[in-house]
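> Take this structure first; my questions come after.
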Amino acid sequence: MNMNRQNYRKNLKIDGTMVIGVNEIRFFTTNVSLNGFQACFSEPASLEKGDIVYVRLPMLSMKGMASTIWKNDGHENIYHIGFKFLNMRGVGGRAYHYRESDRHG
């Protein structure tokens, strides 16, 4: 977790969902930046570093793909996972579109 920050983090607690196979898992964020977010889960998620998942962040009007970059298994039954945005887009009339591949073009 000791990575050099590339973007400002905004402390922001919002609800989200993550889709793994046919399961939809609820989480909340603790912070969000331009490149990703930290998610907290009340149940363990069977993810490893580099796994790619589909996420929805309704309060930010965003959905798309994200990759796990770190994982911290449970303290008092709260599990933390750091995600990097890969391909996110705005929903509900929002024009936002983020693709990791565009950053290194």
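Note on naming: chains are A, B, ... as they come in the structure tokens, residues start from 1 per chain, ligands start from 1 in the order shown.
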Got a sec to tell me which of segment 50-90 of chain A DSSP assigns to strand (DSSP E or B), as an mmCIF file with all heavy atoms, in the first residue's frame?

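Output file part.cif is given in full below:
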```
data_model
loop_
_atom_site.group_PDB
_atom_site.id
_atom_site.type_symbol
_atom_site.label_atom_id
_atom_site.label_comp_id
_atom_site.auth_asym_id
_atom_site.auth_seq_id
_atom_site.Cartn_x
_atom_site.Cartn_y
_atom_site.Cartn_z
ATOM 1 N N ILE A 52 -9.815 -8.205 -12.721
ATOM 2 C CA ILE A 52 -10.629 -7.148 -13.337
ATOM 3 C C ILE A 52 -12.097 -7.423 -13.040
ATOM 4 O O ILE A 52 -12.562 -8.550 -13.199
ATOM 5 C CB ILE A 52 -10.380 -7.086 -14.848
ATOM 6 C CG1 ILE A 52 -8.912 -6.710 -15.099
ATOM 7 C CG2 ILE A 52 -11.320 -6.087 -15.521
ATOM 8 C CD1 ILE A 52 -8.490 -6.795 -16.548
ATOM 9 N N VAL A 53 -12.806 -6.388 -12.579
ATOM 10 C CA VAL A 53 -14.219 -6.517 -12.222
ATOM 11 C C VAL A 53 -15.010 -5.364 -12.829
ATOM 12 O O VAL A 53 -14.458 -4.333 -13.191
ATOM 13 C CB VAL A 53 -14.427 -6.531 -10.684
ATOM 14 C CG1 VAL A 53 -13.754 -7.734 -10.060
ATOM 15 C CG2 VAL A 53 -13.925 -5.257 -10.052
ATOM 16 N N TYR A 54 -16.310 -5.562 -12.902
ATOM 17 C CA TYR A 54 -17.240 -4.530 -13.346
ATOM 18 C C TYR A 54 -17.772 -3.830 -12.098
ATOM 19 O O TYR A 54 -18.212 -4.495 -11.157
ATOM 20 C CB TYR A 54 -18.390 -5.163 -14.131
ATOM 21 C CG TYR A 54 -19.333 -4.159 -14.734
ATOM 22 C CD1 TYR A 54 -19.019 -3.542 -15.937
ATOM 23 C CD2 TYR A 54 -20.520 -3.833 -14.102
ATOM 24 C CE1 TYR A 54 -19.889 -2.623 -16.499
ATOM 25 C CE2 TYR A 54 -21.389 -2.913 -14.662
ATOM 26 C CZ TYR A 54 -21.064 -2.308 -15.855
ATOM 27 O OH TYR A 54 -21.913 -1.389 -16.406
ATOM 28 N N VAL A 55 -17.704 -2.509 -12.051
ATOM 29 C CA VAL A 55 -18.183 -1.766 -10.889
ATOM 30 C C VAL A 55 -19.212 -0.720 -11.300
ATOM 31 O O VAL A 55 -19.187 -0.214 -12.419
ATOM 32 C CB VAL A 55 -17.036 -1.071 -10.108
ATOM 33 C CG1 VAL A 55 -16.083 -2.080 -9.531
ATOM 34 C CG2 VAL A 55 -16.293 -0.086 -10.978
ATOM 35 N N ARG A 56 -20.100 -0.421 -10.356
ATOM 36 C CA ARG A 56 -21.085 0.651 -10.526
ATOM 37 C C ARG A 56 -20.947 1.591 -9.346
ATOM 38 O O ARG A 56 -20.961 1.164 -8.197
ATOM 39 C CB ARG A 56 -22.500 0.084 -10.555
ATOM 40 C CG ARG A 56 -22.827 -0.762 -11.740
ATOM 41 C CD ARG A 56 -24.291 -1.203 -11.696
ATOM 42 N NE ARG A 56 -24.541 -2.237 -12.672
ATOM 43 C CZ ARG A 56 -24.650 -3.526 -12.397
ATOM 44 N NH1 ARG A 56 -24.548 -3.956 -11.153
ATOM 45 N NH2 ARG A 56 -24.878 -4.399 -13.342
ATOM 46 N N LEU A 57 -20.857 2.881 -9.631
ATOM 47 C CA LEU A 57 -20.827 3.923 -8.606
ATOM 48 C C LEU A 57 -21.978 4.884 -8.902
ATOM 49 O O LEU A 57 -21.788 5.946 -9.507
ATOM 50 C CB LEU A 57 -19.472 4.644 -8.616
ATOM 51 C CG LEU A 57 -18.250 3.758 -8.349
ATOM 52 C CD1 LEU A 57 -16.962 4.500 -8.668
ATOM 53 C CD2 LEU A 57 -18.257 3.267 -6.922
ATOM 54 N N MET A 62 -21.326 6.710 -12.558
ATOM 55 C CA MET A 62 -20.261 6.031 -13.292
ATOM 56 C C MET A 62 -20.416 4.517 -13.212
ATOM 57 O O MET A 62 -20.901 3.993 -12.221
ATOM 58 C CB MET A 62 -18.898 6.404 -12.701
ATOM 59 C CG MET A 62 -18.490 7.829 -12.895
ATOM 60 S SD MET A 62 -16.969 8.243 -11.997
ATOM 61 C CE MET A 62 -15.854 6.975 -12.539
ATOM 62 N N LYS A 63 -19.949 3.843 -14.281
ATOM 63 C CA LYS A 63 -19.862 2.390 -14.269
ATOM 64 C C LYS A 63 -18.791 1.978 -15.264
ATOM 65 O O LYS A 63 -18.443 2.743 -16.164
ATOM 66 C CB LYS A 63 -21.193 1.743 -14.616
ATOM 67 C CG LYS A 63 -21.697 2.015 -16.018
ATOM 68 C CD LYS A 63 -23.030 1.351 -16.238
ATOM 69 C CE LYS A 63 -23.567 1.659 -17.635
ATOM 70 N NZ LYS A 63 -24.865 1.025 -17.860
ATOM 71 N N GLY A 64 -18.255 0.772 -15.051
ATOM 72 C CA GLY A 64 -17.235 0.281 -15.973
ATOM 73 C C GLY A 64 -16.299 -0.708 -15.320
ATOM 74 O O GLY A 64 -16.618 -1.317 -14.295
ATOM 75 N N MET A 65 -15.111 -0.850 -15.907
ATOM 76 C CA MET A 65 -14.151 -1.845 -15.474
ATOM 77 C C MET A 65 -13.072 -1.221 -14.584
ATOM 78 O O MET A 65 -12.633 -0.101 -14.810
ATOM 79 C CB MET A 65 -13.476 -2.476 -16.692
ATOM 80 C CG MET A 65 -14.459 -3.062 -17.695
ATOM 81 S SD MET A 65 -15.579 -4.283 -16.999
ATOM 82 C CE MET A 65 -14.470 -5.644 -16.763
ATOM 83 N N ALA A 66 -12.672 -2.027 -13.572
ATOM 84 C CA ALA A 66 -11.598 -1.618 -12.661
ATOM 85 C C ALA A 66 -10.755 -2.847 -12.327
ATOM 86 O O ALA A 66 -11.239 -3.978 -12.395
ATOM 87 C CB ALA A 66 -12.177 -1.005 -11.390
ATOM 88 N N SER A 67 -9.509 -2.615 -11.963
ATOM 89 C CA SER A 67 -8.586 -3.688 -11.620
ATOM 90 C C SER A 67 -8.150 -3.545 -10.171
ATOM 91 O O SER A 67 -7.925 -2.421 -9.696
ATOM 92 C CB SER A 67 -7.361 -3.599 -12.538
ATOM 93 O OG SER A 67 -6.375 -4.518 -12.158
ATOM 94 N N THR A 68 -8.008 -4.667 -9.472
ATOM 95 C CA THR A 68 -7.536 -4.613 -8.084
ATOM 96 C C THR A 68 -6.032 -4.336 -8.079
ATOM 97 O O THR A 68 -5.285 -4.931 -8.864
ATOM 98 C CB THR A 68 -7.818 -5.929 -7.333
ATOM 99 O OG1 THR A 68 -7.194 -6.999 -8.025
ATOM 100 C CG2 THR A 68 -9.308 -6.199 -7.235
ATOM 101 N N ILE A 69 -5.601 -3.423 -7.225
ATOM 102 C CA ILE A 69 -4.171 -3.125 -7.136
ATOM 103 C C ILE A 69 -3.593 -3.490 -5.776
ATOM 104 O O ILE A 69 -2.393 -3.645 -5.640
ATOM 105 C CB ILE A 69 -3.853 -1.658 -7.495
ATOM 106 C CG1 ILE A 69 -4.651 -0.684 -6.644
ATOM 107 C CG2 ILE A 69 -4.108 -1.418 -8.970
ATOM 108 C CD1 ILE A 69 -4.261 0.758 -6.841
ATOM 109 N N TRP A 70 -4.435 -3.608 -4.762
ATOM 110 C CA TRP A 70 -4.010 -4.101 -3.452
ATOM 111 C C TRP A 70 -5.226 -4.587 -2.682
ATOM 112 O O TRP A 70 -6.348 -4.258 -3.011
ATOM 113 C CB TRP A 70 -3.205 -3.061 -2.666
ATOM 114 C CG TRP A 70 -3.929 -1.773 -2.382
ATOM 115 C CD1 TRP A 70 -3.863 -0.619 -3.101
ATOM 116 C CD2 TRP A 70 -4.834 -1.506 -1.293
ATOM 117 N NE1 TRP A 70 -4.677 0.334 -2.552
ATOM 118 C CE2 TRP A 70 -5.284 -0.179 -1.425
ATOM 119 C CE3 TRP A 70 -5.312 -2.260 -0.226
ATOM 120 C CZ2 TRP A 70 -6.168 0.399 -0.533
ATOM 121 C CZ3 TRP A 70 -6.201 -1.676 0.653
ATOM 122 C CH2 TRP A 70 -6.610 -0.355 0.493
ATOM 123 N N LYS A 71 -4.936 -5.384 -1.658
ATOM 124 C CA LYS A 71 -6.008 -5.990 -0.860
ATOM 125 C C LYS A 71 -5.535 -6.099 0.582
ATOM 126 O O LYS A 71 -4.400 -6.468 0.843
ATOM 127 C CB LYS A 71 -6.296 -7.377 -1.444
ATOM 128 C CG LYS A 71 -7.354 -8.158 -0.748
ATOM 129 C CD LYS A 71 -7.536 -9.478 -1.488
ATOM 130 C CE LYS A 71 -8.424 -10.412 -0.721
ATOM 131 N NZ LYS A 71 -8.601 -11.691 -1.411
ATOM 132 N N ASN A 72 -6.413 -5.756 1.526
ATOM 133 C CA ASN A 72 -6.105 -5.850 2.947
ATOM 134 C C ASN A 72 -7.237 -6.629 3.598
ATOM 135 O O ASN A 72 -8.341 -6.125 3.759
ATOM 136 C CB ASN A 72 -5.980 -4.451 3.556
ATOM 137 C CG ASN A 72 -5.571 -4.478 4.998
ATOM 138 O OD1 ASN A 72 -5.444 -5.532 5.606
ATOM 139 N ND2 ASN A 72 -5.371 -3.300 5.564
ATOM 140 N N ASP A 73 -6.960 -7.879 3.952
ATOM 141 C CA ASP A 73 -7.993 -8.755 4.500
ATOM 142 C C ASP A 73 -8.330 -8.418 5.935
ATOM 143 O O ASP A 73 -7.472 -8.423 6.801
ATOM 144 C CB ASP A 73 -7.570 -10.222 4.414
ATOM 145 C CG ASP A 73 -7.636 -10.751 3.007
ATOM 146 O OD1 ASP A 73 -8.443 -10.230 2.235
ATOM 147 O OD2 ASP A 73 -6.865 -11.667 2.692
ATOM 148 N N GLY A 74 -9.581 -8.137 6.102
ATOM 149 C CA GLY A 74 -10.323 -7.933 7.324
ATOM 150 C C GLY A 74 -9.690 -7.507 8.625
ATOM 151 O O GLY A 74 -8.819 -8.144 9.146
ATOM 152 N N HIS A 75 -10.135 -6.424 9.128
ATOM 153 C CA HIS A 75 -9.919 -5.972 10.487
ATOM 154 C C HIS A 75 -11.322 -5.660 11.000
ATOM 155 O O HIS A 75 -12.009 -4.811 10.448
ATOM 156 C CB HIS A 75 -9.044 -4.740 10.506
ATOM 157 C CG HIS A 75 -8.824 -4.170 11.875
ATOM 158 N ND1 HIS A 75 -9.797 -4.044 12.803
ATOM 159 C CD2 HIS A 75 -7.712 -3.704 12.469
ATOM 160 C CE1 HIS A 75 -9.309 -3.514 13.907
ATOM 161 N NE2 HIS A 75 -8.045 -3.295 13.723
ATOM 162 N N ILE A 78 -14.117 -5.920 8.287
ATOM 163 C CA ILE A 78 -14.156 -4.970 7.182
ATOM 164 C C ILE A 78 -12.959 -5.267 6.296
ATOM 165 O O ILE A 78 -11.835 -5.341 6.764
ATOM 166 C CB ILE A 78 -14.090 -3.501 7.674
ATOM 167 C CG1 ILE A 78 -15.257 -3.178 8.595
ATOM 168 C CG2 ILE A 78 -14.047 -2.541 6.493
ATOM 169 C CD1 ILE A 78 -16.609 -3.165 7.923
ATOM 170 N N TYR A 79 -13.228 -5.459 5.014
ATOM 171 C CA TYR A 79 -12.193 -5.809 4.047
ATOM 172 C C TYR A 79 -11.969 -4.629 3.105
ATOM 173 O O TYR A 79 -12.929 -4.040 2.607
ATOM 174 C CB TYR A 79 -12.619 -7.053 3.264
ATOM 175 C CG TYR A 79 -12.904 -8.224 4.182
ATOM 176 C CD1 TYR A 79 -14.165 -8.384 4.752
ATOM 177 C CD2 TYR A 79 -11.912 -9.123 4.505
ATOM 178 C CE1 TYR A 79 -14.426 -9.439 5.621
ATOM 179 C CE2 TYR A 79 -12.161 -10.182 5.370
ATOM 180 C CZ TYR A 79 -13.423 -10.330 5.922
ATOM 181 O OH TYR A 79 -13.668 -11.369 6.789
ATOM 182 N N HIS A 80 -10.716 -4.272 2.853
ATOM 183 C CA HIS A 80 -10.360 -3.115 2.030
ATOM 184 C C HIS A 80 -9.664 -3.585 0.751
ATOM 185 O O HIS A 80 -8.764 -4.422 0.812
ATOM 186 C CB HIS A 80 -9.424 -2.177 2.784
ATOM 187 C CG HIS A 80 -10.001 -1.660 4.047
ATOM 188 N ND1 HIS A 80 -10.718 -0.487 4.111
ATOM 189 C CD2 HIS A 80 -9.996 -2.153 5.298
ATOM 190 C CE1 HIS A 80 -11.111 -0.285 5.360
ATOM 191 N NE2 HIS A 80 -10.690 -1.293 6.098
ATOM 192 N N ILE A 81 -10.081 -3.013 -0.376
ATOM 193 C CA ILE A 81 -9.454 -3.313 -1.661
ATOM 194 C C ILE A 81 -9.262 -2.004 -2.420
ATOM 195 O O ILE A 81 -10.167 -1.172 -2.496
ATOM 196 C CB ILE A 81 -10.315 -4.284 -2.501
ATOM 197 C CG1 ILE A 81 -10.508 -5.604 -1.748
ATOM 198 C CG2 ILE A 81 -9.657 -4.535 -3.858
ATOM 199 C CD1 ILE A 81 -11.409 -6.595 -2.458
ATOM 200 N N GLY A 82 -8.069 -1.830 -2.966
ATOM 201 C CA GLY A 82 -7.772 -0.676 -3.810
ATOM 202 C C GLY A 82 -8.012 -1.029 -5.268
ATOM 203 O O GLY A 82 -7.574 -2.081 -5.738
ATOM 204 N N PHE A 83 -8.738 -0.178 -5.974
ATOM 205 C CA PHE A 83 -9.064 -0.409 -7.379
ATOM 206 C C PHE A 83 -8.498 0.709 -8.245
ATOM 207 O O PHE A 83 -8.489 1.873 -7.857
ATOM 208 C CB PHE A 83 -10.579 -0.435 -7.599
ATOM 209 C CG PHE A 83 -11.249 -1.666 -7.077
ATOM 210 C CD1 PHE A 83 -11.801 -1.682 -5.810
ATOM 211 C CD2 PHE A 83 -11.321 -2.809 -7.858
ATOM 212 C CE1 PHE A 83 -12.426 -2.822 -5.320
ATOM 213 C CE2 PHE A 83 -11.946 -3.956 -7.380
ATOM 214 C CZ PHE A 83 -12.498 -3.961 -6.105
ATOM 215 N N LYS A 84 -8.072 0.336 -9.439
ATOM 216 C CA LYS A 84 -7.612 1.283 -10.456
ATOM 217 C C LYS A 84 -8.643 1.270 -11.577
ATOM 218 O O LYS A 84 -9.029 0.201 -12.065
ATOM 219 C CB LYS A 84 -6.257 0.814 -10.978
ATOM 220 C CG LYS A 84 -5.687 1.618 -12.088
ATOM 221 C CD LYS A 84 -4.348 1.003 -12.489
ATOM 222 C CE LYS A 84 -3.743 1.724 -13.653
ATOM 223 N NZ LYS A 84 -2.463 1.119 -14.020
ATOM 224 N N PHE A 85 -9.112 2.442 -11.976
ATOM 225 C CA PHE A 85 -10.046 2.523 -13.095
ATOM 226 C C PHE A 85 -9.353 2.063 -14.375
ATOM 227 O O PHE A 85 -8.216 2.440 -14.648
ATOM 228 C CB PHE A 85 -10.536 3.952 -13.308
ATOM 229 C CG PHE A 85 -11.396 4.492 -12.207
ATOM 230 C CD1 PHE A 85 -11.220 5.790 -11.756
ATOM 231 C CD2 PHE A 85 -12.388 3.732 -11.630
ATOM 232 C CE1 PHE A 85 -12.022 6.313 -10.759
ATOM 233 C CE2 PHE A 85 -13.199 4.236 -10.620
ATOM 234 C CZ PHE A 85 -13.003 5.532 -10.188
ATOM 235 N N LEU A 86 -10.052 1.261 -15.169
ATOM 236 C CA LEU A 86 -9.542 0.839 -16.475
ATOM 237 C C LEU A 86 -10.345 1.468 -17.599
ATOM 238 O O LEU A 86 -9.795 2.015 -18.534
ATOM 239 C CB LEU A 86 -9.593 -0.695 -16.614
ATOM 240 C CG LEU A 86 -8.716 -1.476 -15.651
ATOM 241 C CD1 LEU A 86 -8.906 -2.967 -15.869
ATOM 242 C CD2 LEU A 86 -7.259 -1.084 -15.813
ATOM 243 N N ASN A 87 -11.649 1.367 -17.511
ATOM 244 C CA ASN A 87 -12.528 1.912 -18.536
ATOM 245 C C ASN A 87 -13.856 2.246 -17.867
ATOM 246 O O ASN A 87 -14.689 1.378 -17.686
ATOM 247 C CB ASN A 87 -12.728 0.902 -19.668
ATOM 248 C CG ASN A 87 -13.457 1.479 -20.848
ATOM 249 O OD1 ASN A 87 -13.969 2.593 -20.808
ATOM 250 N ND2 ASN A 87 -13.519 0.724 -21.933
ATOM 251 N N MET A 88 -14.021 3.492 -17.488
ATOM 252 C CA MET A 88 -15.225 3.943 -16.798
ATOM 253 C C MET A 88 -15.948 4.949 -17.682
ATOM 254 O O MET A 88 -15.323 5.702 -18.423
ATOM 255 C CB MET A 88 -14.866 4.608 -15.468
ATOM 256 C CG MET A 88 -14.158 3.700 -14.485
ATOM 257 S SD MET A 88 -15.180 2.364 -13.857
ATOM 258 C CE MET A 88 -16.317 3.263 -12.800
ATOM 259 N N ARG A 89 -17.268 4.954 -17.569
ATOM 260 C CA ARG A 89 -18.045 5.933 -18.334
ATOM 261 C C ARG A 89 -19.185 6.478 -17.490
ATOM 262 O O ARG A 89 -19.657 5.819 -16.567
ATOM 263 C CB ARG A 89 -18.567 5.316 -19.622
ATOM 264 C CG ARG A 89 -19.546 4.193 -19.431
ATOM 265 C CD ARG A 89 -19.950 3.597 -20.786
ATOM 266 N NE ARG A 89 -20.902 2.537 -20.625
ATOM 267 C CZ ARG A 89 -20.614 1.288 -20.325
ATOM 268 N NH1 ARG A 89 -19.364 0.938 -20.155
ATOM 269 N NH2 ARG A 89 -21.546 0.383 -20.183
ATOM 270 N N GLY A 90 -19.597 7.665 -17.859
ATOM 271 C CA GLY A 90 -20.720 8.279 -17.182
ATOM 272 C C GLY A 90 -22.027 7.656 -17.633
ATOM 273 O O GLY A 90 -22.133 7.158 -18.754
#
```
> What separation in Å, quoted to one decimal, exists between atom CA of Phe28 of chain A and atom CA of Leu12 of chain A?
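Result for atom CA of Phe28 of chain A versus atom CA of Leu12 of chain A: 9.1 Å, one decimal.
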> Per DSSP on the backbone, what are the alpha helix (DSSP H) residues of chain A, as a VMD selection string?
chain A and resid 100 to 103
> Got a sec: who's within 8 Å of segment 25-27 of chain A, counting only C-alpha atoms, leaving out chain neighbours fewer than 3 positions off, as a PDB file with C-alpha atoms, in the first residue's frame?

```pdb
ATOM      1  CA  ASP A  15     -22.237   3.102  -2.105  1.00  0.00           C
ATOM      2  CA  GLY A  16     -21.216   0.947  -5.027  1.00  0.00           C
ATOM      3  CA  THR A  17     -21.571  -2.548  -6.405  1.00  0.00           C
ATOM      4  CA  MET A  18     -19.075  -4.940  -7.937  1.00  0.00           C
ATOM      5  CA  VAL A  19     -19.984  -7.815 -10.247  1.00  0.00           C
ATOM      6  CA  ILE A  20     -17.996 -11.062  -9.998  1.00  0.00           C
ATOM      7  CA  ALA A  39     -13.535   0.067  -1.399  1.00  0.00           C
ATOM      8  CA  CYS A  40     -14.656  -1.465   1.899  1.00  0.00           C
ATOM      9  CA  PHE A  41     -16.635  -4.697   2.049  1.00  0.00           C
ATOM     10  CA  SER A  42     -18.444  -6.355   4.942  1.00  0.00           C
TER      11      SER A  42
END
```
> Report the distance between atom CA of His97 of chain A and atom CA of Glu24 of chain A in Å, rounded to one decimal place.
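Separation of atom CA of His97 of chain A and atom CA of Glu24 of chain A: 22.9 Å.
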> Using only C-alpha atoms, which of A:Gly50, A:Gly92, A:Asn77, A:Asn11 sits nearest Phe37 of chain A?
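Of A:Gly50, A:Gly92, A:Asn77, A:Asn11, the one nearest Phe37 of chain A is A:Asn11, counting only C-alpha atoms.
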> To one decimal place, how far is atom CA of Gln38 of chain A from atom CA of Leu60 of chain A in Å?
14.5 Å
